[in-house]
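Engineer: Next comes run-v6.csv, CSV, C-alpha atoms:
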chain,number,residue,atom,x,y,z
A,1,MET,CA,127.6,50.4,109.6
A,2,PRO,CA,126.8,53.9,110.8
A,3,TRP,CA,126.2,54.5,114.5
A,4,LYS,CA,122.6,55.2,115.6
A,5,ILE,CA,120.6,57.6,117.8
A,6,PRO,CA,120.1,56.1,121.3
A,7,GLY,CA,117.6,53.3,121.4
A,8,ARG,CA,119.2,50.3,119.8
A,9,GLY,CA,123.0,50.6,119.9
A,10,THR,CA,125.0,47.6,118.7
A,11,ALA,CA,128.7,46.8,118.7
A,12,ASP,CA,129.0,48.2,115.1
A,13,SER,CA,126.7,51.2,115.7
A,14,MET,CA,127.6,53.4,118.6
A,15,PRO,CA,124.9,55.5,120.2
A,16,PHE,CA,124.9,59.2,121.0
A,17,ILE,CA,125.7,60.2,124.5
A,18,SER,CA,122.4,61.6,125.7
A,19,THR,CA,122.4,64.6,128.0
A,20,GLU,CA,119.9,67.2,129.0
A,21,ARG,CA,120.5,70.4,127.0
A,22,THR,CA,121.7,73.2,129.2
A,23,GLY,CA,122.3,75.9,126.6
A,24,LYS,CA,122.6,76.8,122.9
A,25,LYS,CA,126.1,75.4,122.3
A,26,ARG,CA,126.7,75.1,118.6
A,27,LEU,CA,129.5,75.0,116.1
A,28,VAL,CA,127.6,77.1,113.5
A,29,SER,CA,125.2,79.8,114.3
A,30,LYS,CA,121.7,80.1,112.7
A,31,ASP,CA,123.1,82.9,110.6
A,32,GLY,CA,126.0,80.8,109.4
A,33,ASP,CA,128.8,82.3,111.5
A,34,ILE,CA,131.5,79.8,112.7
A,35,MET,CA,131.3,79.5,116.5
A,36,PHE,CA,134.8,78.1,116.8
A,37,GLU,CA,138.3,79.5,117.2
A,38,VAL,CA,141.8,78.2,117.6
A,39,ARG,CA,143.7,79.4,120.7
A,40,ASN,CA,147.3,79.3,121.9
A,41,VAL,CA,148.7,79.5,118.4
A,42,ASN,CA,152.4,80.2,118.9
A,43,GLU,CA,153.4,80.0,115.3
A,44,ARG,CA,152.1,83.5,114.4
A,45,TRP,CA,154.4,83.6,111.4
A,46,ARG,CA,151.8,81.4,109.5
A,47,PHE,CA,149.4,84.3,109.4
A,48,VAL,CA,152.2,86.6,108.2
A,49,VAL,CA,153.0,84.3,105.3
A,50,ASP,CA,149.4,84.4,104.3
A,51,LEU,CA,149.3,88.1,104.8
A,52,PHE,CA,146.8,89.0,102.1
A,53,THR,CA,144.2,86.6,103.5
A,54,SER,CA,144.8,88.0,107.0
A,55,LEU,CA,144.2,91.5,105.7
A,56,ILE,CA,141.0,90.4,103.8
A,57,VAL,CA,139.4,89.1,106.9
A,58,LEU,CA,140.0,92.2,108.9
A,59,LYS,CA,137.0,94.3,109.9
A,60,TRP,CA,136.3,97.4,107.8
A,61,ARG,CA,137.3,99.8,110.5
A,62,TRP,CA,140.8,98.4,110.6
A,63,VAL,CA,141.2,98.3,106.8
A,64,LEU,CA,140.2,102.0,106.6
A,65,LEU,CA,142.5,102.9,109.4
A,66,MET,CA,145.4,101.0,107.7
A,67,PHE,CA,144.5,102.8,104.4
A,68,CYS,CA,144.7,106.3,106.0
A,69,ALA,CA,147.7,105.4,108.1
A,70,SER,CA,149.7,104.1,105.2
A,71,TYR,CA,149.4,107.3,103.3
A,72,VAL,CA,150.0,109.6,106.3
A,73,LEU,CA,153.0,107.7,107.5
A,74,SER,CA,154.6,107.6,104.1
A,75,TRP,CA,154.0,111.4,103.8
A,76,LEU,CA,155.7,111.9,107.2
A,77,VAL,CA,158.6,109.7,106.4
A,78,PHE,CA,159.4,111.2,103.1
A,79,GLY,CA,158.7,114.7,104.5
A,80,GLY,CA,161.5,114.0,107.0
A,81,LEU,CA,163.8,112.8,104.2
A,82,TRP,CA,163.2,116.0,102.2
A,83,ALA,CA,163.8,118.0,105.4
A,84,LEU,CA,167.2,116.2,105.8
A,85,LEU,CA,168.1,117.2,102.3
A,86,VAL,CA,167.5,120.8,103.3
A,87,VAL,CA,169.6,120.4,106.4
A,88,ALA,CA,172.4,118.7,104.4
A,89,TYR,CA,172.6,120.9,101.4
A,90,GLY,CA,170.9,124.1,102.5
A,91,PRO,CA,167.6,125.7,101.6
A,92,GLY,CA,166.9,126.0,97.9
A,93,TYR,CA,169.7,123.8,96.7
A,94,CYS,CA,167.8,120.5,96.2
A,95,VAL,CA,164.2,121.8,96.4
A,96,ASP,CA,162.9,125.3,95.7
A,97,GLN,CA,160.8,126.9,98.5
A,98,VAL,CA,161.4,124.1,101.0
A,99,ASP,CA,163.3,125.4,104.0
A,100,ASP,CA,161.7,123.6,107.0
A,101,PHE,CA,159.8,120.4,108.0
A,102,THR,CA,156.4,121.9,107.3
A,103,SER,CA,157.2,122.9,103.7
A,104,ALA,CA,159.0,119.5,103.3
A,105,PHE,CA,155.9,117.7,104.4
A,106,TYR,CA,153.7,119.6,102.0
A,107,PHE,CA,156.2,118.9,99.2
A,108,SER,CA,156.0,115.2,100.1
A,109,VAL,CA,152.2,115.2,99.8
A,110,GLU,CA,152.3,117.0,96.5
A,111,THR,CA,154.9,114.7,95.1
A,112,GLN,CA,153.3,111.4,96.2
A,113,GLN,CA,149.8,112.4,95.1
A,114,THR,CA,151.1,114.1,91.9
A,115,ILE,CA,149.3,117.4,92.9
A,116,GLY,CA,152.0,119.7,91.6
A,117,TYR,CA,150.9,123.2,92.6
A,118,GLY,CA,153.9,124.6,90.8
A,119,GLY,CA,155.6,126.4,93.7
A,120,ARG,CA,157.8,123.7,95.1
A,121,GLN,CA,160.0,121.6,92.8
A,122,ILE,CA,163.4,119.9,92.8
A,123,THR,CA,166.4,121.4,91.1
A,124,THR,CA,168.8,119.9,88.6
A,125,LYS,CA,171.8,120.6,90.9
A,126,CYS,CA,170.9,117.8,93.3
A,127,VAL,CA,171.1,114.2,92.1
A,128,VAL,CA,170.0,112.9,95.5
A,129,ALA,CA,166.7,114.8,95.2
A,130,GLY,CA,166.0,113.2,91.8
A,131,LEU,CA,166.6,109.7,93.2
A,132,LEU,CA,164.4,110.4,96.2
A,133,LEU,CA,161.7,111.8,94.0
A,134,GLN,CA,161.6,108.6,91.9
A,135,PHE,CA,161.7,106.4,95.0
A,136,GLN,CA,158.8,108.2,96.6
A,137,SER,CA,156.8,107.9,93.4
A,138,LEU,CA,157.3,104.1,93.3
A,139,VAL,CA,156.4,103.7,97.0
A,140,GLY,CA,153.3,105.8,96.5
A,141,ASN,CA,152.2,103.6,93.5
A,142,LEU,CA,152.9,100.5,95.6
A,143,ILE,CA,150.7,101.7,98.5
A,144,GLU,CA,147.9,102.5,96.1
A,145,CYS,CA,148.0,99.1,94.5
A,146,ILE,CA,148.0,97.3,97.8
A,147,THR,CA,145.3,99.4,99.5
A,148,LEU,CA,142.9,99.6,96.5
A,149,GLY,CA,143.4,95.9,95.8
A,150,LEU,CA,142.6,95.1,99.4
A,151,ILE,CA,139.5,97.3,99.4
A,152,PHE,CA,138.2,96.0,96.1
A,153,SER,CA,138.7,92.4,97.2
A,154,LYS,CA,136.7,93.0,100.4
A,155,ILE,CA,133.9,94.7,98.4
A,156,ILE,CA,133.5,91.8,96.0
A,157,ARG,CA,133.7,89.1,98.6
A,158,PRO,CA,130.9,86.6,98.0
A,159,ILE,CA,130.3,86.0,101.7
A,160,LYS,CA,127.6,88.6,101.7
A,161,ARG,CA,125.8,86.9,98.8
A,162,ALA,CA,125.2,84.0,101.2
A,163,LYS,CA,123.1,86.2,103.4
A,164,THR,CA,120.4,86.1,100.7
A,165,VAL,CA,120.2,82.3,100.8
A,166,VAL,CA,117.7,81.5,103.6
A,167,PHE,CA,117.3,78.2,105.4
A,168,SER,CA,114.2,77.3,107.4
A,169,LYS,CA,114.5,78.0,111.1
A,170,LYS,CA,113.3,74.5,112.0
A,171,MET,CA,113.9,71.0,110.7
A,172,LEU,CA,110.9,68.7,110.4
A,173,ILE,CA,110.3,65.0,110.6
A,174,ASN,CA,107.4,63.5,108.6
A,175,ARG,CA,106.7,61.2,105.7
A,176,ARG,CA,107.5,61.4,102.0
A,177,GLY,CA,105.9,58.5,100.3
A,178,ASN,CA,106.3,55.5,102.6
A,179,GLN,CA,109.5,56.8,104.2
A,180,MET,CA,110.2,58.9,107.2
A,181,CYS,CA,112.3,61.9,106.3
A,182,LEU,CA,114.2,64.7,108.0
A,183,MET,CA,113.8,67.9,106.0
A,184,PHE,CA,114.5,71.6,105.8
A,185,ARG,CA,113.6,74.4,103.4
A,186,LEU,CA,116.0,76.4,101.3
A,187,THR,CA,115.2,79.6,99.4
A,188,ASP,CA,117.3,82.1,97.3
A,189,LEU,CA,115.9,85.6,97.6
A,190,ARG,CA,117.7,87.1,94.6
A,191,ASP,CA,116.8,86.9,90.9
A,192,SER,CA,120.4,86.3,89.9
A,193,GLN,CA,121.0,82.6,90.7
A,194,ILE,CA,123.7,80.7,92.4
A,195,VAL,CA,124.9,78.3,89.7
A,196,GLU,CA,126.4,74.8,90.2
A,197,SER,CA,125.0,74.8,93.7
A,198,HIS,CA,125.5,71.7,95.9
A,199,VAL,CA,123.8,71.1,99.3
A,200,ARG,CA,125.3,69.0,102.1
A,201,LEU,CA,124.2,68.0,105.6
A,202,GLN,CA,126.8,67.3,108.2
A,203,LEU,CA,126.1,65.6,111.5
A,204,PHE,CA,128.3,66.4,114.5
A,205,SER,CA,127.8,64.3,117.7
A,206,THR,CA,129.6,62.8,120.6
A,207,PHE,CA,129.7,59.1,121.0
A,208,GLU,CA,131.7,56.5,122.9
A,209,GLU,CA,133.6,53.5,121.6
A,210,ASN,CA,135.6,51.0,123.6
A,211,GLY,CA,135.5,53.3,126.6
A,212,ARG,CA,136.8,56.3,124.7
A,213,ILE,CA,134.7,59.5,124.0
A,214,TYR,CA,134.9,61.1,120.6
A,215,PRO,CA,133.4,64.7,120.7
A,216,HIS,CA,132.1,66.4,117.6
A,217,HIS,CA,132.4,63.3,115.5
A,218,GLN,CA,131.4,64.3,111.9
A,219,GLN,CA,129.3,62.3,109.5
A,220,ASP,CA,128.0,63.1,106.1
A,221,LEU,CA,124.3,62.5,105.6
A,222,ASP,CA,122.7,61.7,102.2
A,223,VAL,CA,120.3,64.4,101.1
A,224,LYS,CA,118.0,64.8,98.1
A,225,TYR,CA,115.0,66.8,96.9
A,226,ASP,CA,113.1,64.0,95.0
A,227,TRP,CA,112.3,61.2,97.4
A,228,ASN,CA,111.1,59.0,94.5
A,229,SER,CA,114.4,59.1,92.7
A,230,ASP,CA,117.5,57.0,93.3
A,231,SER,CA,119.8,59.4,91.5
A,232,ASP,CA,123.2,60.0,93.1
A,233,LYS,CA,123.3,63.6,91.9
A,234,GLN,CA,120.5,65.1,94.0
A,235,ASP,CA,122.8,67.2,96.0
A,236,GLN,CA,123.2,69.3,92.9
A,237,LEU,CA,120.4,71.9,92.9
A,238,PHE,CA,118.7,74.2,90.5
A,239,LEU,CA,117.6,76.7,93.0
A,240,LEU,CA,114.9,78.3,91.0
A,241,ILE,CA,112.1,78.1,93.6
A,242,PRO,CA,112.1,77.3,97.3
A,243,LEU,CA,113.2,73.7,97.7
A,244,THR,CA,112.7,71.2,100.5
A,245,ILE,CA,115.8,69.2,101.1
A,246,ILE,CA,115.2,65.8,102.7
A,247,HIS,CA,117.3,63.1,104.4
A,248,ILE,CA,115.6,59.7,104.2
A,249,ILE,CA,115.6,57.9,107.6
A,250,ASP,CA,116.3,54.3,106.7
A,251,GLU,CA,118.6,51.6,107.9
A,252,ASN,CA,121.6,53.5,106.7
A,253,SER,CA,120.6,56.7,108.6
A,254,PRO,CA,121.9,57.4,112.2
A,255,PHE,CA,118.3,58.5,113.0
A,256,TYR,CA,116.8,55.0,112.3
A,257,ASP,CA,116.1,54.6,116.0
A,258,LEU,CA,115.1,58.1,116.7
A,259,THR,CA,111.8,58.7,118.6
A,260,PRO,CA,110.3,62.0,120.0
A,261,ALA,CA,111.5,61.0,123.5
A,262,THR,CA,115.1,60.3,122.4
A,263,LEU,CA,115.1,63.5,120.3
A,264,LEU,CA,114.5,65.6,123.4
A,265,THR,CA,117.5,64.2,125.2
A,266,SER,CA,119.9,63.7,122.3
A,267,LYS,CA,123.0,65.9,121.9
A,268,PHE,CA,124.0,66.6,118.3
A,269,GLU,CA,124.2,69.3,115.8
A,270,MET,CA,123.4,69.2,112.1
A,271,VAL,CA,125.0,71.7,109.8
A,272,ALA,CA,123.4,72.4,106.4
A,273,VAL,CA,125.7,73.9,103.8
A,274,LEU,CA,125.0,75.3,100.3
A,275,ASP,CA,128.0,75.8,98.0
A,276,GLY,CA,127.8,77.5,94.6
A,277,ILE,CA,129.0,80.1,92.2
A,278,VAL,CA,127.7,83.6,92.2
A,279,GLU,CA,126.3,84.2,88.7
A,280,SER,CA,127.1,87.9,88.6
A,281,THR,CA,130.8,87.6,89.7
A,282,GLY,CA,131.8,84.0,89.0
A,283,MET,CA,133.1,83.6,92.6
A,284,ASN,CA,132.4,80.7,95.0
A,285,THR,CA,130.1,81.3,97.9
A,286,GLN,CA,128.9,79.2,100.8
A,287,ALA,CA,125.8,79.6,102.9
A,288,LYS,CA,125.3,77.6,106.1
A,289,THR,CA,123.2,77.1,109.2
A,290,SER,CA,122.8,74.6,111.9
A,291,TYR,CA,120.0,72.7,113.7
A,292,LEU,CA,120.0,71.4,117.3
A,293,PRO,CA,117.6,68.7,118.6
A,294,ASP,CA,115.2,71.3,120.1
A,295,GLU,CA,114.9,72.9,116.6
A,296,ILE,CA,113.5,69.7,115.1
A,297,LEU,CA,109.7,69.3,115.0
A,298,TRP,CA,108.2,65.8,114.9
A,299,GLY,CA,105.1,65.4,112.9
A,300,TYR,CA,105.0,68.7,111.0
A,301,ASP,CA,105.3,69.7,107.3
A,302,PHE,CA,106.0,72.9,105.5
A,303,VAL,CA,103.1,74.8,104.0
A,304,ASN,CA,103.0,74.9,100.3
A,305,LEU,CA,104.4,78.1,98.9
A,306,MET,CA,103.8,77.5,95.2
A,307,SER,CA,100.4,77.2,93.5
A,308,GLU,CA,98.7,78.2,90.3
A,309,ASP,CA,97.2,81.2,92.2
A,310,ASN,CA,100.7,82.6,92.8
A,311,PHE,CA,101.0,84.1,89.4
A,312,ASP,CA,101.1,87.8,88.5
A,313,SER,CA,99.5,88.3,85.2
A,314,VAL,CA,100.9,91.8,85.0
A,315,THR,CA,104.6,90.9,85.3
A,316,GLY,CA,104.1,87.4,83.9
A,317,LYS,CA,106.0,85.9,86.9
A,318,PHE,CA,105.2,83.4,89.6
A,319,TRP,CA,105.7,84.6,93.2
A,320,VAL,CA,105.9,83.3,96.7
A,321,ASP,CA,105.1,84.9,100.1
A,322,PHE,CA,108.4,84.9,102.0
A,323,GLU,CA,106.6,85.6,105.3
A,324,ARG,CA,105.3,82.0,105.1
A,325,HIS,CA,108.7,80.5,104.5
A,326,ASP,CA,108.9,79.0,108.0
A,327,ASP,CA,105.2,78.2,108.4
A,328,VAL,CA,104.4,74.6,109.2
A,329,VAL,CA,101.3,72.5,109.7
A,330,PRO,CA,100.9,69.4,111.8
A,331,VAL,CA,100.6,66.0,110.1
A,332,GLU,CA,99.9,62.5,111.3
A,333,LEU,CA,103.1,60.6,112.2
A,334,PRO,CA,103.5,57.7,114.7
A,335,LYS,CA,105.6,58.6,117.7
A,336,CYS,CA,107.9,55.6,117.1
A,337,SER,CA,111.2,55.2,115.3
A,338,ALA,CA,111.6,54.4,111.6
A,339,ARG,CA,112.9,51.0,112.6
A,340,ASP,CA,109.8,50.2,114.6
A,341,GLN,CA,107.6,51.4,111.8
A,342,HIS,CA,109.5,49.3,109.3
A,343,GLU,CA,109.2,46.2,111.5
A,344,LEU,CA,105.5,46.8,112.1
A,345,SER,CA,105.0,47.1,108.3
A,346,LEU,CA,106.8,43.8,107.8
A,347,THR,CA,104.7,42.1,110.5
A,348,ARG,CA,101.5,43.3,108.9
A,349,SER,CA,102.7,42.1,105.5
A,350,SER,CA,103.5,38.6,106.8
A,351,ILE,CA,100.0,38.4,108.5
A,352,ILE,CA,98.3,39.4,105.2
Starting from the file, lay out its structure as structure tokens.
Structural biologist:
Amino acid sequence: MPWKIPGRGTADSMPFISTERTGKKRLVSKDGDIMFEVRNVNERWRFVVDLFTSLIVLKWRWVLLMFCASYVLSWLVFGGLWALLVVAYGPGYCVDQVDDFTSAFYFSVETQQTIGYGGRQITTKCVVAGLLLQFQSLVGNLIECITLGLIFSKIIRPIKRAKTVVFSKKMLINRRGNQMCLMFRLTDLRDSQIVESHVRLQLFSTFEENGRIYPHHQQDLDVKYDWNSDSDKQDQLFLLIPLTIIHIIDENSPFYDLTPATLLTSKFEMVAVLDGIVESTGMNTQAKTSYLPDEILWGYDFVNLMSEDNFDSVTGKFWVDFERHDDVVPVELPKCSARDQHELSLTRSSII
């Protein structure tokens, strides 16, 4: 049995710990950023082992700095090695027209970048110079592969694609059919679709059991888009038009005892997640947001964005007004829990 919102806790269904909200403390921001970090990690070697991922998540300024520094440092190091050859064998013996560090540095740049102006070149009298030339060429190729691969991977990261998937700013509670529902709206702004998309709704709360407090307890909530269907695959979306995702508040829902009064004092967070594959790149992406109790409106519904009037005869396409994406209208809804409404319905049925 799932635990419930405060109101009718039982031995098998533990209530939320209700507190007055003092601030916007959340695990996931409205824009989908994770508001969580792990501190006091002494085993830093784990990040070194997963070095490429550590580099991928670096900010662009550090990646560009590393890109420039890797080239400049390699030029300086090999410039110093070419200058040592000059000191060891004398000017002109290993490399023509290289007789100090400055000319050795220029020769290092020309060699690694395959510029080849034609003035400076190695001689056939020095075997060490030939070996050093080959080694620098290999190191230069390795630096190019790593840095360009890193930059390309950052550019094609699908995380930015998630920014064009928009969740409604508020969650609403109203009726669909004869059932109370918790709902939010989801819209993809791009023409290219996110295929194989799945939506999830995770509930994080704090509750007490046998005198022990469990903070951030996580529970998966059932969601669907068609409240008249009992299909188990309604978390799989065809995100062609704006969709309203609903969670039916029934006896299996932790919100079965929720009322407007308990909603104001409850402490929980719901995280909505959309997973899918970017059609243009074939890479997985994830969009997410979260909702706190004060971001849930009781007795409201989203305005209808789609109608027969929303058709452009010139382009032959339907359209929606995104500025109305978060618009809501009040609807009639009793200010009592789904349990109370269900029991009242049973009482009326027995009287009839």
Engineer: Would you write out, as CSV, a table of all residues in stretch 237-322 of chain A that have an atom no more than 12 Å from an atom of stretch 165-189 of chain A, listing for each the closest atom pair and the distance in Å to one decimal, considering all atoms listed in the file and ordering rows by chain and rising residue number?
Structural biologist:
residue,atom,partner,partner_atom,distance
A:Leu237,CA,A:Leu186,CA,10.5
A:Phe238,CA,A:Asp188,CA,10.5
A:Leu239,CA,A:Asp188,CA,6.9
A:Leu240,CA,A:Asp188,CA,7.7
A:Ile241,CA,A:Thr187,CA,6.7
A:Pro242,CA,A:Thr187,CA,4.4
A:Leu243,CA,A:Leu186,CA,5.3
A:Thr244,CA,A:Arg185,CA,4.4
A:Ile245,CA,A:Phe184,CA,5.4
A:Ile246,CA,A:Met183,CA,4.2
A:His247,CA,A:Leu182,CA,5.0
A:Ile248,CA,A:Cys181,CA,4.5
A:Ile249,CA,A:Cys181,CA,5.3
A:Asp250,CA,A:Met180,CA,7.7
A:Glu251,CA,A:Gln179,CA,11.1
A:Ser253,CA,A:Cys181,CA,10.1
A:Pro254,CA,A:Leu182,CA,11.4
A:Phe255,CA,A:Leu182,CA,9.0
A:Tyr256,CA,A:Met180,CA,9.2
A:Asp257,CA,A:Met180,CA,11.4
A:Leu258,CA,A:Ile173,CA,10.4
A:Thr259,CA,A:Ile173,CA,10.3
A:Pro260,CA,A:Ile173,CA,9.9
A:Leu263,CA,A:Ile173,CA,10.9
A:Glu269,CA,A:Met171,CA,11.6
A:Met270,CA,A:Met171,CA,9.8
A:Val271,CA,A:Phe167,CA,11.0
A:Ala272,CA,A:Phe167,CA,8.5
A:Val273,CA,A:Phe167,CA,9.6
A:Leu274,CA,A:Val165,CA,8.5
A:Asp275,CA,A:Val165,CA,10.5
A:Gly276,CA,A:Val165,CA,10.9
A:Val278,CA,A:Val165,CA,11.5
A:Thr285,CA,A:Val165,CA,10.4
A:Gln286,CA,A:Val165,CA,9.2
A:Ala287,CA,A:Val165,CA,6.6
A:Lys288,CA,A:Phe167,CA,8.1
A:Thr289,CA,A:Phe167,CA,7.1
A:Ser290,CA,A:Lys169,CA,9.0
A:Tyr291,CA,A:Met171,CA,7.0
A:Leu292,CA,A:Met171,CA,9.0
A:Pro293,CA,A:Met171,CA,9.0
A:Asp294,CA,A:Lys170,CA,8.9
A:Glu295,CA,A:Lys170,CA,5.1
A:Ile296,CA,A:Met171,CA,4.6
A:Leu297,CA,A:Leu172,CA,4.8
A:Trp298,CA,A:Ile173,CA,4.9
A:Gly299,CA,A:Asn174,CA,5.2
A:Tyr300,CA,A:Leu172,CA,5.9
A:Asp301,CA,A:Leu172,CA,6.5
A:Phe302,CA,A:Arg185,CA,8.0
A:Val303,CA,A:Arg185,CA,10.5
A:Asn304,CA,A:Arg185,CA,11.1
A:Leu305,CA,A:Arg185,CA,10.9
A:Trp319,CA,A:Leu189,CA,11.2
A:Val320,CA,A:Leu189,CA,10.3
A:Asp321,CA,A:Leu189,CA,11.1
A:Phe322,CA,A:Leu189,CA,8.7
Engineer: To one decimal in Å, tell me the separation between atom CA of A:Met306 and atom CA of A:Asp327.
Structural biologist: 13.3 Å
Engineer: Restricting the calculation to only C-alpha atoms, which member of A:Thr114, A:Ile156, A:Trp62, A:Ser197 is positioned closest to A:Leu138?
Structural biologist: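 Closest to A:Leu138, using only C-alpha atoms: A:Thr114.
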Engineer: Please indicate the distance in Å from atom CA of A:Asp191 to atom CA of A:His325, rounded to one decimal place.
Structural biologist: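 It comes out at 17.1 Å.
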Engineer: Write out as a short mmCIF file (atom, residue, chain, number, x, y, z; two decimals) with C-alpha atoms, in the frame of the given file the residues lying within 7 Å of stretch 140-154 of chain A, counting only C-alpha atoms and excluding same-chain residues fewer than 5 positions away.
Structural biologist:
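Saved file part-v2.cif follows:
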data_model
loop_
_atom_site.label_atom_id
_atom_site.label_comp_id
_atom_site.auth_asym_id
_atom_site.auth_seq_id
_atom_site.Cartn_x
_atom_site.Cartn_y
_atom_site.Cartn_z
CA ILE A 56 141.00 90.40 103.80
CA PHE A 67 144.50 102.80 104.40
CA GLN A 112 153.30 111.40 96.20
#
Engineer: Report, in Å with one decimal, the straight-line distance from atom CA of A:Phe36 to atom CA of A:Thr53.
Structural biologist: 18.4 Å
Engineer: Need the neighbours of (125.3, 65.3, 110.2): which residues are at most 6 Å away, counting all atoms listed in the file, as a PDB file with C-alpha atoms, keeping the file's coordinate frame?
Structural biologist:
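Writing the result to result27.pdb gives the following:
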ATOM      1  CA  LEU A 201     124.200  68.000 105.600  1.00  0.00           C
ATOM      2  CA  GLN A 202     126.800  67.300 108.200  1.00  0.00           C
ATOM      3  CA  LEU A 203     126.100  65.600 111.500  1.00  0.00           C
ATOM      4  CA  PHE A 204     128.300  66.400 114.500  1.00  0.00           C
ATOM      5  CA  GLN A 219     129.300  62.300 109.500  1.00  0.00           C
ATOM      6  CA  ASP A 220     128.000  63.100 106.100  1.00  0.00           C
ATOM      7  CA  LEU A 221     124.300  62.500 105.600  1.00  0.00           C
ATOM      8  CA  MET A 270     123.400  69.200 112.100  1.00  0.00           C
TER       9      MET A 270
END
Engineer: Taking into account all atoms listed in the file, which residue in the set A:Gln121, A:His217, A:Ser345, A:Leu65 is nearest to A:Gly92?
Structural biologist: A:Gln121
Engineer: From the set A:Arg212, A:Arg339, A:Arg190, A:Arg46, which residue has the shortest atom-to-atom contact distance to A:Thr164, counting all atoms listed in the file?
Structural biologist: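 Result for the nearest residue to A:Thr164: A:Arg190.
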Engineer: Kindly reconstruct stretch 130-142 of chain A with N, CA, C and O atoms and present the result as a JSON list (two decimals), in the frame of the given file.
Structural biologist:
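Output saved as result_2.json:
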[["chain", "number", "residue", "atom", "x", "y", "z"],
["A", 130, "GLY", "N", 166.64, 113.95, 92.92],
["A", 130, "GLY", "CA", 166.00, 113.20, 91.80],
["A", 130, "GLY", "C", 165.77, 111.76, 92.14],
["A", 130, "GLY", "O", 164.72, 111.19, 91.83],
["A", 131, "LEU", "N", 166.75, 111.13, 92.79],
["A", 131, "LEU", "CA", 166.60, 109.70, 93.20],
["A", 131, "LEU", "C", 165.50, 109.56, 94.24],
["A", 131, "LEU", "O", 164.70, 108.63, 94.19],
["A", 132, "LEU", "N", 165.46, 110.49, 95.20],
["A", 132, "LEU", "CA", 164.40, 110.40, 96.20],
["A", 132, "LEU", "C", 163.04, 110.64, 95.66],
["A", 132, "LEU", "O", 162.07, 109.99, 96.08],
["A", 133, "LEU", "N", 162.94, 111.53, 94.69],
["A", 133, "LEU", "CA", 161.70, 111.80, 94.00],
["A", 133, "LEU", "C", 161.14, 110.51, 93.34],
["A", 133, "LEU", "O", 159.97, 110.15, 93.47],
["A", 134, "GLN", "N", 162.02, 109.81, 92.62],
["A", 134, "GLN", "CA", 161.60, 108.60, 91.90],
["A", 134, "GLN", "C", 161.23, 107.49, 92.94],
["A", 134, "GLN", "O", 160.24, 106.77, 92.75],
["A", 135, "PHE", "N", 162.00, 107.38, 94.03],
["A", 135, "PHE", "CA", 161.70, 106.40, 95.00],
["A", 135, "PHE", "C", 160.36, 106.61, 95.70],
["A", 135, "PHE", "O", 159.57, 105.67, 95.90],
["A", 136, "GLN", "N", 160.06, 107.87, 96.03],
["A", 136, "GLN", "CA", 158.80, 108.20, 96.60],
["A", 136, "GLN", "C", 157.63, 107.89, 95.68],
["A", 136, "GLN", "O", 156.56, 107.42, 96.09],
["A", 137, "SER", "N", 157.81, 108.17, 94.41],
["A", 137, "SER", "CA", 156.80, 107.90, 93.40],
["A", 137, "SER", "C", 156.47, 106.40, 93.36],
["A", 137, "SER", "O", 155.30, 105.98, 93.29],
["A", 138, "LEU", "N", 157.53, 105.58, 93.38],
["A", 138, "LEU", "CA", 157.30, 104.10, 93.30],
["A", 138, "LEU", "C", 156.64, 103.63, 94.60],
["A", 138, "LEU", "O", 155.74, 102.78, 94.53],
["A", 139, "VAL", "N", 157.05, 104.14, 95.75],
["A", 139, "VAL", "CA", 156.40, 103.70, 97.00],
["A", 139, "VAL", "C", 154.95, 104.15, 97.02],
["A", 139, "VAL", "O", 154.06, 103.39, 97.47],
["A", 140, "GLY", "N", 154.66, 105.34, 96.53],
["A", 140, "GLY", "CA", 153.30, 105.80, 96.50],
["A", 140, "GLY", "C", 152.41, 104.90, 95.60],
["A", 140, "GLY", "O", 151.28, 104.56, 95.96],
["A", 141, "ASN", "N", 152.95, 104.51, 94.43],
["A", 141, "ASN", "CA", 152.20, 103.60, 93.50],
["A", 141, "ASN", "C", 151.98, 102.24, 94.20],
["A", 141, "ASN", "O", 150.92, 101.62, 94.05],
["A", 142, "LEU", "N", 152.99, 101.76, 94.93],
["A", 142, "LEU", "CA", 152.90, 100.50, 95.60],
["A", 142, "LEU", "C", 151.78, 100.52, 96.68],
["A", 142, "LEU", "O", 150.97, 99.58, 96.81]]
